[in-house]
$ cat final.cif   # mmCIF, C-alpha atoms and all ligand atoms
data_entry
loop_
_atom_site.label_atom_id
_atom_site.label_comp_id
_atom_site.auth_asym_id
_atom_site.auth_seq_id
_atom_site.Cartn_x
_atom_site.Cartn_y
_atom_site.Cartn_z
CA MET A 1 0.24 36.98 26.55
CA LYS A 2 3.50 38.10 28.05
CA GLN A 3 5.98 35.41 28.94
CA GLU A 4 8.75 36.70 31.11
CA ASN A 5 10.66 33.53 31.79
CA LYS A 6 12.60 31.52 29.31
CA ASN A 7 11.60 28.44 31.21
CA TYR A 8 7.97 27.68 31.61
CA MET A 9 7.11 25.63 34.68
CA GLU A 10 4.16 23.30 34.62
CA ASN A 11 3.74 20.90 37.51
CA ASN A 12 7.40 21.18 38.38
CA ILE A 13 8.49 20.34 34.85
CA SER A 14 10.49 23.05 33.23
CA TYR A 15 10.20 23.50 29.49
CA ASP A 16 13.05 25.08 27.65
CA LEU A 17 11.21 27.86 25.89
CA ASN A 18 13.00 29.92 23.32
CA GLU A 19 12.76 33.55 24.49
CA HIS A 20 10.60 34.42 21.53
CA SER A 21 8.14 31.58 21.98
CA LEU A 22 4.57 32.18 22.97
CA ILE A 23 1.95 29.68 24.04
CA SER A 24 -1.70 30.54 24.48
CA PRO A 25 -3.75 29.81 26.47
CA LEU A 26 -1.38 28.88 29.26
CA ASP A 27 -3.94 28.11 31.91
CA SER A 28 -3.71 24.36 31.76
CA GLU A 29 -3.04 22.36 34.82
CA SER A 30 -2.70 18.61 35.03
CA PRO A 31 -5.90 17.46 36.70
CA LEU A 32 -5.75 14.33 38.81
CA LEU A 33 -8.10 12.10 36.90
CA GLU A 34 -9.09 8.89 38.57
CA PRO A 35 -9.08 6.53 36.79
CA LYS A 36 -6.58 7.93 34.31
CA ILE A 37 -7.99 9.09 30.99
CA ARG A 38 -7.65 6.37 28.36
CA LEU A 39 -5.96 7.65 25.21
CA GLY A 40 -5.89 6.23 21.72
CA VAL A 41 -3.05 7.70 19.66
CA LEU A 42 -3.13 7.62 15.85
CA ALA A 43 0.19 8.09 14.04
CA SER A 44 1.66 7.56 10.59
CA GLY A 45 5.22 8.88 10.85
CA ASN A 46 8.17 9.40 13.18
CA GLY A 47 6.06 9.43 16.32
CA SER A 48 7.98 12.20 18.09
CA ASN A 49 4.71 13.66 19.41
CA PHE A 50 3.66 10.18 20.50
CA GLU A 51 6.95 9.87 22.40
CA TYR A 52 6.42 13.19 24.15
CA ILE A 53 2.96 12.12 25.26
CA ILE A 54 4.62 9.06 26.82
CA LYS A 55 7.30 11.21 28.46
CA SER A 56 4.70 13.61 29.86
CA ILE A 57 2.89 10.68 31.43
CA GLN A 58 6.13 9.34 32.86
CA ASN A 59 6.95 12.78 34.28
CA ASN A 60 3.51 12.99 35.89
CA GLN A 61 2.76 16.02 33.80
CA LEU A 62 -0.07 14.20 32.13
CA ASN A 63 -2.49 12.01 34.03
CA ALA A 64 -3.30 9.53 31.30
CA LYS A 65 -2.84 6.01 30.05
CA ILE A 66 -2.19 5.19 26.41
CA SER A 67 -4.50 2.28 25.71
CA ILE A 68 -3.31 1.84 22.14
CA LEU A 69 -1.18 3.30 19.37
CA ILE A 70 -2.81 2.76 15.99
CA VAL A 71 -0.67 3.17 12.87
CA ASN A 72 -1.74 2.90 9.26
CA ASN A 73 1.76 2.50 7.91
CA PRO A 74 3.70 -0.66 8.80
CA ASP A 75 7.06 1.09 8.29
CA CYS A 76 6.45 4.09 10.50
CA LEU A 77 8.93 4.84 13.26
CA ALA A 78 6.16 5.35 15.81
CA ILE A 79 6.02 1.54 16.10
CA LYS A 80 9.63 1.46 17.34
CA LYS A 81 8.68 3.95 20.05
CA ALA A 82 5.70 1.84 21.10
CA ILE A 83 8.01 -1.16 21.42
CA LYS A 84 10.63 0.87 23.32
CA TYR A 85 8.11 2.12 25.88
CA LYS A 86 6.02 -1.09 25.92
CA ILE A 87 2.86 0.58 24.67
CA PRO A 88 0.35 -1.71 22.94
CA TYR A 89 0.08 -0.99 19.23
CA VAL A 90 -1.74 -2.23 16.19
CA ILE A 91 -1.09 -1.76 12.49
CA ILE A 92 -4.27 -1.13 10.52
CA ASN A 93 -2.88 -0.77 7.03
CA HIS A 94 -5.17 1.28 4.79
CA ARG A 95 -3.67 -0.49 1.78
CA ASP A 96 -5.34 -3.68 2.97
CA CYS A 97 -8.77 -2.04 2.98
CA LYS A 98 -11.10 -1.64 0.04
CA SER A 99 -12.31 1.78 1.07
CA ARG A 100 -11.66 4.67 3.44
CA LEU A 101 -14.83 3.68 5.29
CA GLU A 102 -13.60 0.12 5.83
CA HIS A 103 -10.34 1.45 7.28
CA ASP A 104 -12.12 3.98 9.48
CA MET A 105 -14.46 1.29 10.80
CA LEU A 106 -11.54 -0.96 11.77
CA VAL A 107 -9.90 1.95 13.59
CA LEU A 108 -13.18 2.81 15.31
CA LYS A 109 -13.78 -0.78 16.35
CA LYS A 110 -10.36 -0.95 17.98
CA LEU A 111 -10.85 2.32 19.84
CA GLU A 112 -14.26 1.24 21.08
CA ALA A 113 -13.10 -2.23 22.10
CA LEU A 114 -10.54 -0.59 24.41
CA SER A 115 -13.02 2.01 25.73
CA VAL A 116 -10.76 4.83 24.60
CA GLU A 117 -12.02 8.18 25.89
CA LEU A 118 -9.84 10.61 23.94
CA VAL A 119 -8.30 10.11 20.51
CA VAL A 120 -5.13 12.02 19.65
CA MET A 121 -4.06 12.34 16.03
CA ALA A 122 -0.31 12.78 16.42
CA GLY A 123 0.90 12.93 12.83
CA TRP A 124 -1.97 10.83 11.40
CA MET A 125 -1.63 11.43 7.70
CA ARG A 126 -5.17 10.45 6.83
CA ILE A 127 -8.45 12.27 6.71
CA VAL A 128 -10.84 10.72 9.20
CA GLY A 129 -14.43 10.16 8.17
CA GLU A 130 -17.66 11.15 9.82
CA GLU A 131 -18.08 7.83 11.61
CA ILE A 132 -15.04 8.46 13.80
CA ILE A 133 -15.69 12.20 14.06
CA ASN A 134 -19.27 11.71 15.24
CA ARG A 135 -18.46 8.86 17.60
CA PHE A 136 -15.68 10.91 19.22
CA LYS A 137 -17.33 14.31 19.11
CA ASN A 138 -15.25 16.71 21.25
CA ARG A 139 -12.95 13.79 22.03
CA LEU A 140 -10.84 13.74 18.86
CA ILE A 141 -7.93 16.16 18.56
CA ASN A 142 -5.19 16.84 16.03
CA ILE A 143 -1.86 18.66 15.97
CA HIS A 144 -1.02 20.77 12.95
CA PRO A 145 2.25 22.61 12.20
CA SER A 146 0.88 26.11 11.58
CA LEU A 147 -1.04 28.82 13.34
CA LEU A 148 -4.48 27.85 12.11
CA PRO A 149 -6.53 29.03 10.33
CA SER A 150 -3.45 29.86 8.25
CA PHE A 151 -1.80 27.15 6.18
CA LYS A 152 -4.22 24.26 6.40
CA GLY A 153 -3.52 20.96 4.69
CA ILE A 154 -0.26 19.39 3.65
CA ASP A 155 3.21 20.91 3.91
CA ALA A 156 2.08 23.71 6.21
CA ILE A 157 5.67 24.63 7.10
CA GLN A 158 6.64 25.13 3.46
CA GLN A 159 3.41 27.07 2.88
CA ALA A 160 4.41 29.50 5.64
CA ILE A 161 7.93 29.91 4.21
CA ASP A 162 6.54 30.47 0.71
CA LYS A 163 4.18 33.18 1.97
CA ARG A 164 7.12 34.87 3.71
CA VAL A 165 5.27 35.23 7.01
CA THR A 166 7.59 35.97 9.91
CA ILE A 167 5.70 34.09 12.58
CA THR A 168 4.21 30.64 12.26
CA GLY A 169 3.73 27.89 14.85
CA CYS A 170 1.54 24.96 15.73
CA THR A 171 -2.03 24.33 16.78
CA VAL A 172 -3.92 21.62 18.61
CA HIS A 173 -7.56 21.60 17.58
CA TYR A 174 -10.68 19.48 17.68
CA VAL A 175 -11.28 17.49 14.52
CA GLN A 176 -14.29 18.19 12.40
CA LYS A 177 -15.24 17.25 8.85
CA GLU A 178 -13.43 20.12 7.14
CA VAL A 179 -9.69 19.48 7.36
CA ASP A 180 -7.76 21.52 10.00
CA SER A 181 -10.85 23.55 10.81
CA GLY A 182 -12.18 22.51 14.23
CA SER A 183 -12.12 24.71 17.34
CA ILE A 184 -8.67 25.63 18.53
CA ILE A 185 -7.53 24.30 21.90
CA ILE A 186 -4.01 25.71 22.20
CA GLN A 187 -1.42 27.34 19.93
CA ALA A 188 2.27 28.15 20.05
CA ALA A 189 3.89 30.83 17.95
CA VAL A 190 7.33 30.33 16.40
CA PRO A 191 9.22 33.13 14.65
CA ILE A 192 10.68 32.40 11.24
CA LYS A 193 14.31 33.49 11.07
CA GLU A 194 15.84 34.85 7.93
CA LYS A 195 18.30 31.98 7.72
CA ASP A 196 15.71 29.29 8.43
CA SER A 197 15.51 26.29 6.15
CA LYS A 198 12.42 24.15 6.22
CA GLU A 199 14.32 21.69 8.43
CA THR A 200 15.52 24.23 11.02
CA LEU A 201 12.05 25.75 11.23
CA LYS A 202 10.43 22.35 11.50
CA LYS A 203 12.71 21.51 14.41
CA ARG A 204 11.62 24.59 16.36
CA ILE A 205 7.95 24.03 15.54
CA GLN A 206 8.18 20.42 16.66
CA HIS A 207 9.81 21.49 19.91
CA MET A 208 6.71 23.55 20.61
CA GLU A 209 4.40 20.76 19.46
CA HIS A 210 5.94 18.50 22.07
CA ILE A 211 5.05 21.07 24.74
CA ILE A 212 1.52 21.99 23.68
CA LEU A 213 0.13 18.56 22.79
CA PRO A 214 0.31 17.18 26.37
CA LEU A 215 -1.13 20.48 27.64
CA ALA A 216 -4.03 20.16 25.21
CA ILE A 217 -4.64 16.55 26.21
CA SER A 218 -4.85 17.59 29.88
CA LYS A 219 -7.26 20.36 29.04
CA VAL A 220 -9.58 18.17 26.97
CA ALA A 221 -9.35 15.27 29.43
CA LYS A 222 -10.53 17.57 32.20
CA LYS A 223 -13.47 18.68 30.06
CA ILE A 224 -14.42 15.11 29.18
CA ARG A 225 -14.46 14.06 32.81
CA THR A 226 -16.35 17.17 33.90
CA SER A 227 -19.07 16.72 31.31
CA PHE A 228 -19.34 13.06 32.26
CA LYS A 229 -19.86 14.04 35.92
CA ASP A 230 -22.45 16.65 34.93
CA LYS A 231 -24.50 14.00 33.17
CA LYS A 232 -24.60 11.67 36.19
C1 LIG A 301 3.82 16.98 13.21
O1 LIG A 301 4.58 18.03 12.71
C2 LIG A 301 2.37 17.32 13.22
O2 LIG A 301 2.12 18.68 13.33
C3 LIG A 301 1.90 16.84 11.87
O3 LIG A 301 2.65 15.68 11.63
C4 LIG A 301 3.89 15.78 12.29
C5 LIG A 301 4.10 14.50 13.06
O4 LIG A 301 5.38 14.39 13.58
N1 LIG A 301 0.47 16.63 11.88
P1 LIG A 301 5.76 13.17 14.50
O5 LIG A 301 5.42 11.90 13.75
O6 LIG A 301 4.99 13.28 15.78
O7 LIG A 301 7.23 13.30 14.73
#
$ encode --input "final.cif" --output "structure tokens"
Amino acid sequence: MKQENKNYMENNISYDLNEHSLISPLDSESPLLEPKIRLGVLASGNGSNFEYIIKSIQNNQLNAKISILIVNNPDCLAIKKAIKYKIPYVIINHRDCKSRLEHDMLVLKKLEALSVELVVMAGWMRIVGEEIINRFKNRLINIHPSLLPSFKGIDAIQQAIDKRVTITGCTVHYVQKEVDSGSIIIQAAVPIKEKDSKETLKKRIQHMEHIILPLAISKVAKKIRTSFKDKK
């Protein structure tokens, strides 16, 4: 897809796109969903994607409400962001659970109790089990720092550098049992520069993640609400 402008406009919000960036598909619009789609966000780390979801909602780019942030790691920075923006959060520490299933069931219970409609894994460093996947079929999405199906699994950015590819990127996809394998919702390409370190590349990939994740949420939210209407 050809992108002529450096700045991409979506609902009057201009994104500062590097001239070599490419997002596809770029057909998303922010549907007016009434009531707003209820999101559950799962995070384990810095929470920069979580923060951009919040900003997109504040900018009216994303018509959603974050019902809960769930973290598995009590030290993760995402908690600070939840406090800053007054988003409800809960720590469900996997170290306190006897099994992966027990942890998954606690997460699931929380999501269900709040009637979450769409679950966003925004840097959730855990493999989710079938219970959550089946319960949230087509309503559970993940962001991964590579152009899937290349470089699945951990340290995807380093994998791309090691393979000496010249273009990598990020992908938002539905979650299924096999890690980083569900249907792709949206991708952004990011060129690897000769002088790139893992850190400089990561910065540019994350910049694109912050753009495509809210777009993907809008897209999936629209689908969820449409299929709900169809069933009525
Ligand atoms: C992102 O790079 C995402 O692709 C990966 O984990 C990272 C999370 O970053 N799954 P942050 O916590 O949102 O800053």
$ closest_atom_pairs --input "final.cif" --of "region 125-144 of chain A" --to "region 85-107 of chain A" --cutoff "7 Å" --atoms "only C-alpha atoms" --output "CSV"
residue,atom,partner,partner_atom,distance
A:Val128,CA,A:Asp104,CA,6.9
A:Gly129,CA,A:Asp104,CA,6.7
A:Ile132,CA,A:Asp104,CA,6.9
$ closest_residue --input "final.cif" --among "A:Thr200, A:Gln58, A:Ser24, A:Ser48" --to "ligand LIG 301 (chain A)" --atoms "only C-alpha atoms and all ligand atoms"
A:Ser48
$ residues_near_point --input "final.cif" --point "(8.3, 28.5, 13.3)" --cutoff "6 Å" --atoms "all atoms listed in the file" --output "PDB file with C-alpha atoms, in the coordinates of the input"
ATOM      1  CA  THR A 168       4.210  30.640  12.260  1.00  0.00           C
ATOM      2  CA  GLY A 169       3.730  27.890  14.850  1.00  0.00           C
ATOM      3  CA  VAL A 190       7.330  30.330  16.400  1.00  0.00           C
ATOM      4  CA  PRO A 191       9.220  33.130  14.650  1.00  0.00           C
ATOM      5  CA  ILE A 192      10.680  32.400  11.240  1.00  0.00           C
ATOM      6  CA  LEU A 201      12.050  25.750  11.230  1.00  0.00           C
ATOM      7  CA  ARG A 204      11.620  24.590  16.360  1.00  0.00           C
ATOM      8  CA  ILE A 205       7.950  24.030  15.540  1.00  0.00           C
TER       9      ILE A 205
END
$ residues_around --input "final.cif" --residues "Asn63 (chain A)" --least-positions-apart "4" --cutoff "10 Å" --atoms "only C-alpha atoms" --output "ChimeraX atom specification"
/A:30-38,56-59,214,217-218,221-222
$ atom_distance --input "final.cif" --atom1 "CA of Ile133 (chain A)" --atom2 "CA of Val175 (chain A)"
6.9 Å
$ residues_near_ligand --input "final.cif" --ligand "ligand LIG 301 (chain A)" --cutoff "8 Å" --atoms "all atoms listed in the file" --output "ChimeraX atom specification"
/A:43-51,77-78,121-125,142-146,170-171,202,205-206,209
$ closest_residue --input "final.cif" --among "A:Thr166, A:Ile127, A:Ala216, A:Gln187" --to "Pro149 (chain A)" --atoms "all atoms listed in the file"
A:Gln187
$ closest_residue --input "final.cif" --among "A:Ile141, A:Ala113, A:Ile53, A:Leu39" --to "Ile211 (chain A)" --atoms "only C-alpha atoms"
A:Ile53
$ atom_distance --input "final.cif" --atom1 "CA of Arg139 (chain A)" --atom2 "CA of Val119 (chain A)"
6.1 Å
$ atom_distance --input "final.cif" --atom1 "CA of Ile185 (chain A)" --atom2 "CA of His173 (chain A)"
5.1 Å
$ closest_residue --input "final.cif" --among "A:Arg135, A:Leu213, A:Ile186, A:Glu199" --to "Leu26 (chain A)" --atoms "all atoms listed in the file"
A:Ile186
$ closest_residue --input "final.cif" --among "A:Glu178, A:Glu117, A:Asp162, A:Glu194" --to "Ile66 (chain A)" --atoms "only C-alpha atoms"
A:Glu117
$ closest_residue --input "final.cif" --among "A:Lys219, A:Lys195, A:Arg126, A:Lys203" --to "Val172 (chain A)" --atoms "all atoms listed in the file"
A:Lys219
